[in-house]
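> Sending over coords_21.tsv (TSV, C-alpha atoms).
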chain	number	residue	atom	x	y	z
A	1	MET	CA	0.00	0.00	0.00
A	2	LYS	CA	1.20	3.47	-0.85
A	3	VAL	CA	0.25	6.65	0.98
A	4	ILE	CA	0.13	9.85	-1.07
A	5	VAL	CA	-0.41	13.28	0.47
A	6	ILE	CA	-1.92	16.10	-1.56
A	7	THR	CA	-0.55	19.24	0.01
A	8	SER	CA	0.27	22.89	-0.75
A	9	GLY	CA	0.67	25.11	2.26
A	10	LYS	CA	-1.62	27.76	0.83
A	11	GLY	CA	-5.39	27.36	0.80
A	12	GLY	CA	-7.63	27.48	-2.24
A	13	VAL	CA	-5.11	26.19	-4.75
A	14	GLY	CA	-6.98	22.98	-5.54
A	15	LYS	CA	-5.92	20.35	-3.01
A	16	THR	CA	-9.39	18.89	-2.49
A	17	THR	CA	-10.26	19.07	-6.20
A	18	THR	CA	-7.00	17.26	-6.90
A	19	SER	CA	-7.46	14.70	-4.11
A	20	ALA	CA	-10.93	13.83	-5.43
A	21	ALA	CA	-9.81	13.62	-9.06
A	22	PHE	CA	-6.57	11.80	-8.33
A	23	ALA	CA	-8.13	9.21	-6.02
A	24	SER	CA	-10.94	8.65	-8.54
A	25	GLY	CA	-8.36	8.26	-11.29
A	26	LEU	CA	-6.51	5.57	-9.36
A	27	ALA	CA	-9.78	3.78	-8.69
A	28	LEU	CA	-10.74	3.99	-12.37
A	29	ARG	CA	-7.48	2.20	-13.11
A	30	GLY	CA	-8.66	-0.65	-10.93
A	31	TYR	CA	-6.76	0.11	-7.72
A	32	LYS	CA	-8.52	-0.15	-4.39
A	33	THR	CA	-8.21	3.40	-3.13
A	34	ALA	CA	-9.17	5.35	-0.01
A	35	VAL	CA	-9.21	9.14	0.17
A	36	ILE	CA	-9.00	10.70	3.62
A	37	ASP	CA	-9.98	14.26	4.52
A	38	PHE	CA	-7.53	15.61	7.12
A	39	ASP	CA	-9.18	19.02	7.36
A	40	VAL	CA	-10.73	18.45	10.78
A	41	GLY	CA	-13.26	21.18	11.50
A	42	LEU	CA	-13.55	22.31	7.88
A	43	ARG	CA	-14.33	19.18	5.93
A	44	ASN	CA	-15.14	19.58	2.25
A	45	LEU	CA	-13.95	16.46	0.49
A	46	ASP	CA	-17.37	14.90	1.14
A	47	LEU	CA	-19.02	17.74	-0.83
A	48	ILE	CA	-16.57	17.51	-3.72
A	49	MET	CA	-17.08	13.72	-3.85
A	50	GLY	CA	-20.86	14.15	-3.59
A	51	CYS	CA	-21.31	11.99	-0.49
A	52	GLU	CA	-22.06	14.69	2.10
A	53	ARG	CA	-25.45	13.23	2.98
A	54	ARG	CA	-24.03	9.81	3.69
A	55	VAL	CA	-21.53	10.88	6.35
A	56	VAL	CA	-22.27	9.17	9.67
A	57	TYR	CA	-18.88	8.60	11.27
A	58	ASP	CA	-15.60	10.31	10.55
A	59	LEU	CA	-11.83	10.03	10.92
A	60	VAL	CA	-11.82	11.35	14.50
A	61	ASN	CA	-14.52	8.84	15.54
A	62	VAL	CA	-12.32	6.06	14.21
A	63	VAL	CA	-9.17	7.42	15.85
A	64	ASN	CA	-11.01	7.67	19.18
A	65	GLY	CA	-12.48	4.19	18.87
A	66	GLU	CA	-16.07	5.50	18.71
A	67	ALA	CA	-16.64	3.79	15.38
A	68	ARG	CA	-15.03	1.04	13.39
A	69	LEU	CA	-13.17	1.94	10.22
A	70	ASN	CA	-15.54	0.07	7.93
A	71	GLN	CA	-18.48	1.94	9.47
A	72	ALA	CA	-16.86	5.28	8.65
A	73	LEU	CA	-15.68	4.50	5.11
A	74	ILE	CA	-18.16	5.69	2.49
A	75	LYS	CA	-18.32	3.87	-0.81
A	76	ASP	CA	-17.99	6.23	-3.76
A	77	LYS	CA	-20.97	6.46	-6.09
A	78	HIS	CA	-18.89	6.64	-9.28
A	79	CYS	CA	-16.15	4.10	-8.69
A	80	GLU	CA	-16.50	0.55	-7.46
A	81	ASN	CA	-13.24	0.43	-5.50
A	82	LEU	CA	-13.04	3.93	-4.06
A	83	PHE	CA	-13.83	4.81	-0.44
A	84	ILE	CA	-13.99	8.15	1.33
A	85	LEU	CA	-13.07	8.75	4.96
A	86	PRO	CA	-14.48	12.16	5.91
A	87	ALA	CA	-13.04	14.56	8.47
A	88	SER	CA	-14.90	15.55	11.57
A	89	GLN	CA	-16.83	18.79	11.33
A	90	THR	CA	-17.26	19.40	15.04
A	91	ARG	CA	-13.87	18.65	16.58
A	92	ASP	CA	-10.81	20.80	16.40
A	93	LYS	CA	-7.71	19.83	14.52
A	94	ASP	CA	-5.83	18.75	17.64
A	95	ALA	CA	-8.14	15.73	17.82
A	96	LEU	CA	-5.74	13.85	15.53
A	97	THR	CA	-2.82	11.96	16.99
A	98	GLU	CA	0.05	10.36	15.15
A	99	GLU	CA	-0.66	6.96	16.76
A	100	GLY	CA	-4.32	7.22	15.82
A	101	VAL	CA	-3.59	8.04	12.19
A	102	GLU	CA	-1.01	5.27	12.00
A	103	LYS	CA	-3.55	2.75	13.28
A	104	VAL	CA	-6.09	3.80	10.65
A	105	LEU	CA	-3.48	3.42	7.90
A	106	GLU	CA	-2.43	0.00	9.18
A	107	GLU	CA	-6.02	-1.14	9.16
A	108	LEU	CA	-6.50	0.12	5.59
A	109	GLN	CA	-3.48	-1.92	4.62
A	110	HIS	CA	-5.03	-5.04	6.20
A	111	MET	CA	-8.21	-4.36	4.25
A	112	GLY	CA	-6.22	-4.68	1.03
A	113	PHE	CA	-6.10	-1.08	-0.11
A	114	ASP	CA	-3.55	-0.27	-2.82
A	115	TYR	CA	-3.49	3.49	-2.38
A	116	VAL	CA	-4.43	5.97	0.32
A	117	VAL	CA	-4.74	9.60	-0.75
A	118	CYS	CA	-4.48	12.11	2.11
A	119	ASP	CA	-6.17	15.45	1.46
A	120	SER	CA	-4.20	17.91	3.57
A	121	PRO	CA	-5.67	21.05	5.11
A	122	ALA	CA	-4.05	24.39	4.29
A	123	GLY	CA	-1.40	25.76	6.61
A	124	ILE	CA	1.48	24.10	8.38
A	125	GLU	CA	-0.27	23.23	11.64
A	126	ARG	CA	-1.09	19.89	13.15
A	127	GLY	CA	-3.67	18.76	10.56
A	128	ALA	CA	-1.29	19.42	7.68
A	129	VAL	CA	1.59	17.71	9.46
A	130	MET	CA	-0.60	14.68	10.30
A	131	ALA	CA	-1.61	14.39	6.63
A	132	LEU	CA	2.00	14.24	5.46
A	133	THR	CA	3.57	12.29	8.33
A	134	PHE	CA	3.07	8.81	6.84
A	135	ALA	CA	3.35	9.79	3.18
A	136	ASP	CA	5.42	7.72	0.77
A	137	GLU	CA	4.85	10.26	-2.00
A	138	ALA	CA	3.66	13.85	-2.04
A	139	VAL	CA	1.85	15.84	-4.69
A	140	VAL	CA	2.61	19.49	-3.98
A	141	THR	CA	-0.14	21.54	-5.58
A	142	SER	CA	0.79	25.04	-6.62
A	143	ASN	CA	-0.80	27.88	-8.57
A	144	PRO	CA	1.47	29.94	-10.81
A	145	GLU	CA	1.31	32.84	-8.39
A	146	VAL	CA	3.84	34.22	-5.90
A	147	SER	CA	2.24	33.38	-2.55
A	148	SER	CA	1.33	29.86	-3.61
A	149	VAL	CA	4.85	29.12	-4.88
A	150	ARG	CA	6.41	30.45	-1.70
A	151	ASP	CA	4.10	28.37	0.49
A	152	SER	CA	4.80	25.29	-1.63
A	153	ASP	CA	8.48	25.74	-0.95
A	154	ARG	CA	7.74	25.97	2.75
A	155	ILE	CA	5.69	22.78	2.75
A	156	LEU	CA	8.51	21.01	0.85
A	157	GLY	CA	10.79	21.93	3.75
A	158	ILE	CA	8.29	20.47	6.20
A	159	LEU	CA	8.03	17.25	4.17
A	160	GLN	CA	11.79	16.98	4.29
A	161	SER	CA	11.93	17.44	8.06
A	162	LYS	CA	8.69	16.25	9.67
A	163	SER	CA	7.54	13.27	7.62
A	164	LYS	CA	8.17	9.89	9.18
A	165	ARG	CA	10.50	8.96	6.34
A	166	ALA	CA	12.60	12.06	7.01
A	167	ARG	CA	12.64	11.49	10.78
A	168	ASP	CA	13.62	7.84	10.40
A	169	GLY	CA	16.38	8.85	8.01
A	170	GLY	CA	15.10	6.47	5.36
A	171	GLU	CA	14.43	7.08	1.72
A	172	PRO	CA	12.90	10.55	1.41
A	173	VAL	CA	9.27	11.14	0.45
A	174	LYS	CA	9.00	11.15	-3.34
A	175	GLU	CA	7.90	14.64	-4.36
A	176	HIS	CA	5.80	15.65	-7.35
A	177	LEU	CA	4.84	19.13	-8.44
A	178	LEU	CA	1.33	19.70	-9.77
A	179	ILE	CA	0.52	23.12	-11.18
A	180	THR	CA	-3.17	23.97	-11.19
A	181	ARG	CA	-5.28	26.87	-12.49
A	182	TYR	CA	-2.84	27.37	-15.34
A	183	SER	CA	-3.70	29.83	-18.05
A	184	PRO	CA	-1.53	29.38	-21.17
A	185	LYS	CA	-2.90	32.64	-22.57
A	186	ARG	CA	-1.78	34.70	-19.58
A	187	VAL	CA	1.59	32.95	-19.58
A	188	ASP	CA	1.94	33.79	-23.27
A	189	GLU	CA	1.20	37.42	-22.50
A	190	GLY	CA	3.77	37.53	-19.73
A	191	GLU	CA	1.19	37.95	-16.99
A	192	MET	CA	1.61	34.57	-15.33
A	193	LEU	CA	4.57	32.46	-14.24
A	194	SER	CA	5.10	29.60	-16.69
A	195	TYR	CA	5.15	26.01	-15.48
A	196	LYS	CA	8.85	25.99	-16.29
A	197	ASP	CA	9.39	29.02	-14.05
A	198	VAL	CA	7.57	27.37	-11.15
A	199	GLN	CA	9.42	24.12	-11.61
A	200	GLU	CA	12.74	25.92	-11.80
A	201	LEU	CA	11.95	27.76	-8.57
A	202	LEU	CA	10.78	24.73	-6.59
A	203	ARG	CA	13.07	22.12	-8.20
A	204	VAL	CA	10.60	19.28	-7.92
A	205	PRO	CA	9.72	16.96	-10.85
A	206	LEU	CA	6.52	18.04	-12.59
A	207	ILE	CA	3.68	15.52	-12.61
A	208	GLY	CA	1.24	17.67	-14.51
A	209	VAL	CA	-0.37	20.97	-15.33
A	210	ILE	CA	-4.12	21.44	-14.84
A	211	PRO	CA	-5.55	24.30	-16.91
A	212	GLU	CA	-7.77	26.96	-15.36
A	213	SER	CA	-11.26	25.92	-16.34
A	214	GLU	CA	-14.93	26.54	-15.77
A	215	SER	CA	-15.40	22.79	-15.55
A	216	VAL	CA	-13.98	22.65	-12.03
A	217	LEU	CA	-16.88	24.72	-10.69
A	218	HIS	CA	-19.37	22.59	-12.63
A	219	ALA	CA	-17.79	19.52	-11.07
A	220	SER	CA	-17.95	20.82	-7.51
A	221	ASN	CA	-21.50	22.13	-8.01
A	222	GLN	CA	-22.61	18.57	-8.75
A	223	GLY	CA	-20.35	16.75	-6.33
A	224	THR	CA	-18.65	14.91	-9.18
A	225	PRO	CA	-14.85	14.70	-9.17
A	226	ALA	CA	-13.52	16.67	-12.16
A	227	ILE	CA	-11.89	13.62	-13.74
A	228	HIS	CA	-15.37	12.27	-14.57
A	229	LEU	CA	-16.32	15.27	-16.75
A	230	LYS	CA	-15.74	13.50	-20.04
A	231	GLY	CA	-14.17	15.50	-22.82
A	232	THR	CA	-13.03	18.43	-20.68
A	233	ASP	CA	-9.43	19.61	-20.56
A	234	VAL	CA	-9.38	19.26	-16.79
A	235	ALA	CA	-10.54	15.63	-16.83
A	236	GLU	CA	-7.94	14.76	-19.47
A	237	ALA	CA	-5.19	16.60	-17.62
A	238	TYR	CA	-5.99	14.72	-14.40
A	239	ALA	CA	-6.08	11.40	-16.27
A	240	ASP	CA	-2.58	12.25	-17.56
A	241	VAL	CA	-1.42	12.99	-14.00
A	242	VAL	CA	-2.64	9.58	-12.81
A	243	ALA	CA	-0.96	7.87	-15.78
A	244	ARG	CA	2.35	9.60	-15.05
A	245	PHE	CA	2.04	8.70	-11.39
A	246	LEU	CA	1.68	5.06	-12.43
A	247	GLY	CA	4.87	5.34	-14.46
A	248	GLU	CA	3.48	5.96	-17.95
A	249	GLU	CA	4.96	8.58	-20.26
A	250	ARG	CA	2.51	11.27	-21.31
A	251	PRO	CA	3.34	14.51	-23.12
A	252	LEU	CA	2.22	17.70	-21.37
A	253	ARG	CA	-1.05	19.00	-22.78
A	254	PHE	CA	-3.00	22.24	-22.40
A	255	VAL	CA	0.12	24.31	-21.76
A	256	ASN	CA	0.46	26.10	-25.10
A	257	TYR	CA	-1.60	29.03	-26.19
A	258	GLU	CA	-2.74	29.19	-29.76
A	259	LYS	CA	-3.54	32.69	-30.86
A	260	PRO	CA	-7.00	32.83	-32.40
A	261	GLY	CA	-6.96	33.16	-36.16
A	262	LEU	CA	-8.32	36.21	-38.01
A	263	ILE	CA	-11.66	34.58	-38.77
A	264	LYS	CA	-12.16	33.59	-35.17
A	265	ARG	CA	-11.25	37.08	-34.02
A	266	LEU	CA	-13.68	38.67	-36.46
A	267	PHE	CA	-16.58	36.37	-35.77
A	268	GLY	CA	-16.04	35.92	-32.07
A	269	GLY	CA	-15.97	32.66	-30.26
A	270	LYS	CA	-14.33	31.98	-26.96
B	1	MET	CA	-1.38	44.19	-24.16
B	2	SER	CA	-2.98	46.79	-26.39
B	3	PHE	CA	-1.71	47.95	-29.75
B	4	LEU	CA	-0.78	51.36	-28.38
B	5	SER	CA	1.31	50.05	-25.51
B	6	ARG	CA	3.12	47.78	-27.94
B	7	LEU	CA	3.85	50.75	-30.13
B	8	PHE	CA	5.17	52.93	-27.35
B	9	GLY	CA	7.38	50.39	-25.69
B	10	GLU	CA	6.27	47.75	-23.26
B	11	LYS	CA	6.49	47.73	-19.54
B	12	LYS	CA	8.38	44.85	-17.96
B	13	LYS	CA	6.26	41.73	-17.92
B	14	THR	CA	4.88	41.12	-14.44
B	15	ALA	CA	5.52	37.36	-14.62
B	16	GLU	CA	9.20	38.13	-14.95
B	17	ILE	CA	9.09	40.38	-11.90
B	18	ALA	CA	7.33	37.59	-9.98
B	19	LYS	CA	9.99	35.09	-10.94
B	20	ASN	CA	12.84	37.34	-9.89
B	21	ARG	CA	11.24	38.16	-6.56
B	22	LEU	CA	10.53	34.50	-5.84
B	23	SER	CA	13.97	33.24	-6.75
B	24	LEU	CA	15.56	35.67	-4.28
B	25	LEU	CA	13.03	34.96	-1.57
B	26	ILE	CA	13.13	31.17	-1.86
B	27	ALA	CA	16.92	31.06	-1.84
B	28	HIS	CA	16.93	33.22	1.26
B	29	GLU	CA	14.24	31.23	3.08
B	30	ARG	CA	15.82	27.90	2.22
B	31	ALA	CA	19.15	29.02	3.61
B	32	GLY	CA	17.47	30.21	6.80
B	33	ASN	CA	15.35	27.12	7.34
B	34	SER	CA	17.81	24.46	6.37
B	35	PRO	CA	19.17	22.39	9.24
B	36	ALA	CA	22.55	22.59	7.47
B	37	ALA	CA	22.89	26.18	8.64
B	38	ASP	CA	22.72	25.13	12.29
B	39	PHE	CA	26.37	24.12	12.48
B	40	LEU	CA	27.72	27.43	11.21
B	41	PRO	CA	28.33	29.16	14.56
B	42	ALA	CA	30.08	26.08	15.97
B	43	LEU	CA	32.18	25.75	12.84
B	44	GLN	CA	33.17	29.39	13.07
B	45	ARG	CA	34.17	28.99	16.73
B	46	GLU	CA	36.27	25.91	16.12
B	47	LEU	CA	37.96	27.44	13.08
B	48	ILE	CA	38.99	30.40	15.18
B	49	GLU	CA	40.45	28.03	17.79
B	50	VAL	CA	42.46	26.06	15.25
B	51	ILE	CA	43.75	29.04	13.34
B	52	SER	CA	44.63	30.90	16.52
B	53	LYS	CA	47.05	28.08	17.33
B	54	TYR	CA	49.21	29.06	14.38
B	55	VAL	CA	48.43	32.66	13.56
B	56	ALA	CA	47.26	35.49	15.72
B	57	VAL	CA	43.90	36.30	14.16
B	58	ASN	CA	41.11	38.47	15.33
B	59	PRO	CA	37.85	36.45	15.76
B	60	ASP	CA	36.10	39.07	13.66
B	61	ASP	CA	38.40	38.36	10.74
B	62	ILE	CA	36.97	34.91	10.18
B	63	LYS	CA	33.68	34.85	8.29
B	64	VAL	CA	31.72	31.67	7.56
B	65	GLN	CA	28.79	31.82	5.20
B	66	LEU	CA	26.52	29.31	3.49
B	67	ASP	CA	25.12	30.33	0.10
B	68	LYS	CA	22.97	28.71	-2.52
B	69	GLN	CA	24.00	28.99	-6.13
B	70	ASP	CA	21.77	27.21	-8.63
B	71	ASN	CA	21.89	23.61	-7.51
B	72	MET	CA	24.88	23.92	-5.23
B	73	ASP	CA	25.40	24.86	-1.64
B	74	VAL	CA	28.54	26.96	-1.31
B	75	LEU	CA	30.31	27.13	2.02
B	76	GLU	CA	32.44	30.22	2.04
B	77	VAL	CA	35.14	30.67	4.68
B	78	ASN	CA	36.92	33.99	4.63
B	79	ILE	CA	39.98	34.49	6.82
B	80	VAL	CA	41.83	37.76	6.90
B	81	LEU	CA	45.38	37.21	8.14
B	82	PRO	CA	47.04	39.98	10.08
B	83	GLU	CA	49.87	41.82	8.36
B	84	GLN	CA	53.20	40.19	9.02
B	85	PRO	CA	55.81	42.43	10.55
B	86	ARG	CA	58.80	42.43	8.21
Starting from the file, lay out its structure as structure tokens.

Amino acid sequence: MKVIVITSGKGGVGKTTTSAAFASGLALRGYKTAVIDFDVGLRNLDLIMGCERRVVYDLVNVVNGEARLNQALIKDKHCENLFILPASQTRDKDALTEEGVEKVLEELQHMGFDYVVCDSPAGIERGAVMALTFADEAVVTSNPEVSSVRDSDRILGILQSKSKRARDGGEPVKEHLLITRYSPKRVDEGEMLSYKDVQELLRVPLIGVIPESESVLHASNQGTPAIHLKGTDVAEAYADVVARFLGEERPLRFVNYEKPGLIKRLFGGK
Amino acid sequence: MSFLSRLFGEKKKTAEIAKNRLSLLIAHERAGNSPAADFLPALQRELIEVISKYVAVNPDDIKVQLDKQDNMDVLEVNIVLPEQPR
């Protein structure tokens, strides 16, 4: 079993959108996958996955022994082998302990899960540290924007010092950079950092670029992970990310801006 | 960017400004947060001890600094020797 943390430092860059899409993508490939919301007190993964009305027990209940893990896991409505473990809405983020989280992960391993995706809260406090403590790999989500890039660098430092792998002195957590809300047009016009700029600054291998898109709001409105929106750039870009994660080679898409031709400019169109 | 601003010379692209600001900031913050920097004061102290055995140096004349250049960490030790009486 592999544990992957989706993290960023800064809020609002697309961690939960990415966790939902990435976990769904792994499940679509046939892997038994669990996605855990670590944002205790501000849970939202349940909404993005469309299972908010089926939440009975949560991660903190399981950690405290108030519910069994299989009572708290919610089966996803789109994918056969995907399960969601929601965060608690009423407790505060100090309710999580390292031992408790470790026990949950061990139990998931016994249940035969292939992948566990940990959706980290924003910030660098306890919740965020708990989400990355047991990670084997990390997807650092960043927007091409100054504060997000700076915070990503900070969270990389925390991965390299506070994760269990770092503390035990073993093989370091494998890091991936995911750039979201990318606008090739604005990059072309010199208004936005390019993915190459961001990668050069953070020095982490790029796992994908997700274009800025209206589809993401449509997806969250309906509680459908973005990867299921067939034919959209975002769904394809996330499918590429999952493929690369699984070791397949995929060329980067949706990163080049094509200037509209004369006809298109004259007669409009998006 | 409008036609007119193209004609009359462009302002510096803001993405470029962002990149320059970030590269300075990140290099600075990495140097400050890295555990590698923790040993610097001790290293400086011990260097002074060793060098003082052989040459009379002023503790202020030994400077130890850790810098980041591209993909390399550069440890810079600067020792100013006192002028030898001839």
> Please write as a PyMOL selection string the list of polymer residues whose atoms come within 12 Å of (15.4, 32.5, 1.6), counting all atoms listed in the file and keeping to the coordinates of the file.
(chain A and resi 150+153-154+157+201) or (chain B and resi 21-34+66-68)
> Now that the selection is made, can you save its residues with C-alpha atoms as a PDB file, keeping the file's coordinate frame?

ATOM      1  CA  ARG A 150       6.410  30.450  -1.700  1.00  0.00           C
ATOM      2  CA  ASP A 153       8.480  25.740  -0.950  1.00  0.00           C
ATOM      3  CA  ARG A 154       7.740  25.970   2.750  1.00  0.00           C
ATOM      4  CA  GLY A 157      10.790  21.930   3.750  1.00  0.00           C
ATOM      5  CA  LEU A 201      11.950  27.760  -8.570  1.00  0.00           C
TER       6      LEU A 201
ATOM      7  CA  ARG B  21      11.240  38.160  -6.560  1.00  0.00           C
ATOM      8  CA  LEU B  22      10.530  34.500  -5.840  1.00  0.00           C
ATOM      9  CA  SER B  23      13.970  33.240  -6.750  1.00  0.00           C
ATOM     10  CA  LEU B  24      15.560  35.670  -4.280  1.00  0.00           C
ATOM     11  CA  LEU B  25      13.030  34.960  -1.570  1.00  0.00           C
ATOM     12  CA  ILE B  26      13.130  31.170  -1.860  1.00  0.00           C
ATOM     13  CA  ALA B  27      16.920  31.060  -1.840  1.00  0.00           C
ATOM     14  CA  HIS B  28      16.930  33.220   1.260  1.00  0.00           C
ATOM     15  CA  GLU B  29      14.240  31.230   3.080  1.00  0.00           C
ATOM     16  CA  ARG B  30      15.820  27.900   2.220  1.00  0.00           C
ATOM     17  CA  ALA B  31      19.150  29.020   3.610  1.00  0.00           C
ATOM     18  CA  GLY B  32      17.470  30.210   6.800  1.00  0.00           C
ATOM     19  CA  ASN B  33      15.350  27.120   7.340  1.00  0.00           C
ATOM     20  CA  SER B  34      17.810  24.460   6.370  1.00  0.00           C
ATOM     21  CA  LEU B  66      26.520  29.310   3.490  1.00  0.00           C
ATOM     22  CA  ASP B  67      25.120  30.330   0.100  1.00  0.00           C
ATOM     23  CA  LYS B  68      22.970  28.710  -2.520  1.00  0.00           C
TER      24      LYS B  68
END
> With the cut-off set at 6 Å and counting only C-alpha atoms, tabulate each residue of chain B with an atom at most that distance from an atom of chain A, showing the nearest atom pair and its distance in Å to one decimal, ordered by chain and increasing number, as CSV.

residue,atom,partner,partner_atom,distance
B:Lys13,CA,A:Gly190,CA,5.2
B:Thr14,CA,A:Glu191,CA,5.5
B:Ala15,CA,A:Met192,CA,4.9
> Within 12 Å of (43.2, 36.6, 11.8) in the file's own coordinates, which protein, DNA or RNA residues have an atom, counting only C-alpha atoms? List them as a PyMOL selection string.
chain B and resi 47-63+78-84
> Just give me the gap between CA of Cys79 (chain A) and CA of Asp46 (chain A) in Å, one decimal is fine.
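Spanning CA of Cys79 (chain A) to CA of Asp46 (chain A) is a straight-line distance of 14.7 Å.
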> So that I can see what lies close to region 118-120 of chain A, please list as a PyMOL selection string the residues with an atom at most 9 Å from it, counting all atoms listed in the file and leaving out residues fewer than 2 positions away in the same chain.
chain A and resi 3-9+15-16+18-20+34-39+45+116+122-123+127-132+135
> Could you state the separation of CA of Asn61 (chain A) and CA of Leu42 (chain A) in Å, given to one decimal place?
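These two atoms are separated by 15.5 Å.
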> For a test of reading the model, state the distance in Å between CA of Ala239 (chain A) and CA of Ile227 (chain A), rounded to one decimal.
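CA of Ile227 (chain A) lies at a distance of 6.7 Å from CA of Ala239 (chain A).
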> Smallest atom-to-atom distance to Lys19 (chain B): which of A:Gln199, A:Tyr238, A:Leu206, A:Tyr257, using all atoms listed in the file?
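Using all atoms listed in the file, the shortest distance to Lys19 (chain B) belongs to A:Gln199.
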> Can you tell me which residues surround Lys164 (chain A) at a distance of at most 10 Å, considering all atoms listed in the file, apart from same-chain residues fewer than 6 positions away, and format the answer as number ranges by chain?
A: 132-136, 170, 172-173
> If we count only C-alpha atoms and set the cut-off at 12 Å, which residues sit around Glu106 (chain A), ignoring sequence neighbours fewer than 3 positions away in its own chain? Please answer as a PDB file with C-alpha atoms, in the coordinates of the input.

ATOM      1  CA  MET A   1       0.000   0.000   0.000  1.00  0.00           C
ATOM      2  CA  LYS A   2       1.200   3.470  -0.850  1.00  0.00           C
ATOM      3  CA  VAL A   3       0.250   6.650   0.980  1.00  0.00           C
ATOM      4  CA  LEU A  69     -13.170   1.940  10.220  1.00  0.00           C
ATOM      5  CA  GLU A  99      -0.660   6.960  16.760  1.00  0.00           C
ATOM      6  CA  GLY A 100      -4.320   7.220  15.820  1.00  0.00           C
ATOM      7  CA  VAL A 101      -3.590   8.040  12.190  1.00  0.00           C
ATOM      8  CA  GLU A 102      -1.010   5.270  12.000  1.00  0.00           C
ATOM      9  CA  LYS A 103      -3.550   2.750  13.280  1.00  0.00           C
ATOM     10  CA  GLN A 109      -3.480  -1.920   4.620  1.00  0.00           C
ATOM     11  CA  HIS A 110      -5.030  -5.040   6.200  1.00  0.00           C
ATOM     12  CA  MET A 111      -8.210  -4.360   4.250  1.00  0.00           C
ATOM     13  CA  GLY A 112      -6.220  -4.680   1.030  1.00  0.00           C
ATOM     14  CA  PHE A 113      -6.100  -1.080  -0.110  1.00  0.00           C
ATOM     15  CA  VAL A 116      -4.430   5.970   0.320  1.00  0.00           C
ATOM     16  CA  PHE A 134       3.070   8.810   6.840  1.00  0.00           C
TER      17      PHE A 134
END
> Complete region 40-51 of chain B at the level of N, CA, C and O atoms, written as a PDB file, in the frame of the given file.

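selection.pdb written:
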ATOM      1  N   LEU B  40      26.827  26.329  11.568  1.00  0.00           N
ATOM      2  CA  LEU B  40      27.720  27.430  11.210  1.00  0.00           C
ATOM      3  C   LEU B  40      28.411  28.122  12.394  1.00  0.00           C
ATOM      4  O   LEU B  40      29.631  28.293  12.385  1.00  0.00           O
ATOM      5  N   PRO B  41      27.665  28.488  13.437  1.00  0.00           N
ATOM      6  CA  PRO B  41      28.330  29.160  14.560  1.00  0.00           C
ATOM      7  C   PRO B  41      29.403  28.293  15.205  1.00  0.00           C
ATOM      8  O   PRO B  41      30.503  28.771  15.517  1.00  0.00           O
ATOM      9  N   ALA B  42      29.105  26.991  15.354  1.00  0.00           N
ATOM     10  CA  ALA B  42      30.080  26.080  15.970  1.00  0.00           C
ATOM     11  C   ALA B  42      31.312  25.964  15.084  1.00  0.00           C
ATOM     12  O   ALA B  42      32.451  25.994  15.556  1.00  0.00           O
ATOM     13  N   LEU B  43      31.072  25.843  13.791  1.00  0.00           N
ATOM     14  CA  LEU B  43      32.180  25.750  12.840  1.00  0.00           C
ATOM     15  C   LEU B  43      33.074  26.984  12.938  1.00  0.00           C
ATOM     16  O   LEU B  43      34.298  26.888  13.000  1.00  0.00           O
ATOM     17  N   GLN B  44      32.430  28.127  12.988  1.00  0.00           N
ATOM     18  CA  GLN B  44      33.170  29.390  13.070  1.00  0.00           C
ATOM     19  C   GLN B  44      34.042  29.413  14.341  1.00  0.00           C
ATOM     20  O   GLN B  44      35.215  29.746  14.296  1.00  0.00           O
ATOM     21  N   ARG B  45      33.451  28.990  15.464  1.00  0.00           N
ATOM     22  CA  ARG B  45      34.170  28.990  16.730  1.00  0.00           C
ATOM     23  C   ARG B  45      35.387  28.075  16.674  1.00  0.00           C
ATOM     24  O   ARG B  45      36.502  28.432  17.053  1.00  0.00           O
ATOM     25  N   GLU B  46      35.170  26.873  16.151  1.00  0.00           N
ATOM     26  CA  GLU B  46      36.270  25.910  16.120  1.00  0.00           C
ATOM     27  C   GLU B  46      37.370  26.339  15.155  1.00  0.00           C
ATOM     28  O   GLU B  46      38.555  26.123  15.407  1.00  0.00           O
ATOM     29  N   LEU B  47      36.962  26.945  14.027  1.00  0.00           N
ATOM     30  CA  LEU B  47      37.960  27.440  13.080  1.00  0.00           C
ATOM     31  C   LEU B  47      38.854  28.479  13.738  1.00  0.00           C
ATOM     32  O   LEU B  47      40.081  28.466  13.576  1.00  0.00           O
ATOM     33  N   ILE B  48      38.224  29.350  14.497  1.00  0.00           N
ATOM     34  CA  ILE B  48      38.990  30.400  15.180  1.00  0.00           C
ATOM     35  C   ILE B  48      40.008  29.760  16.117  1.00  0.00           C
ATOM     36  O   ILE B  48      41.179  30.137  16.143  1.00  0.00           O
ATOM     37  N   GLU B  49      39.550  28.727  16.858  1.00  0.00           N
ATOM     38  CA  GLU B  49      40.450  28.030  17.790  1.00  0.00           C
ATOM     39  C   GLU B  49      41.657  27.455  17.064  1.00  0.00           C
ATOM     40  O   GLU B  49      42.807  27.637  17.474  1.00  0.00           O
ATOM     41  N   VAL B  50      41.385  26.733  15.982  1.00  0.00           N
ATOM     42  CA  VAL B  50      42.460  26.060  15.250  1.00  0.00           C
ATOM     43  C   VAL B  50      43.426  27.091  14.668  1.00  0.00           C
ATOM     44  O   VAL B  50      44.645  26.986  14.827  1.00  0.00           O
ATOM     45  N   ILE B  51      42.881  28.068  14.011  1.00  0.00           N
ATOM     46  CA  ILE B  51      43.750  29.040  13.340  1.00  0.00           C
ATOM     47  C   ILE B  51      44.562  29.855  14.345  1.00  0.00           C
ATOM     48  O   ILE B  51      45.734  30.155  14.114  1.00  0.00           O
TER      49      ILE B  51
END
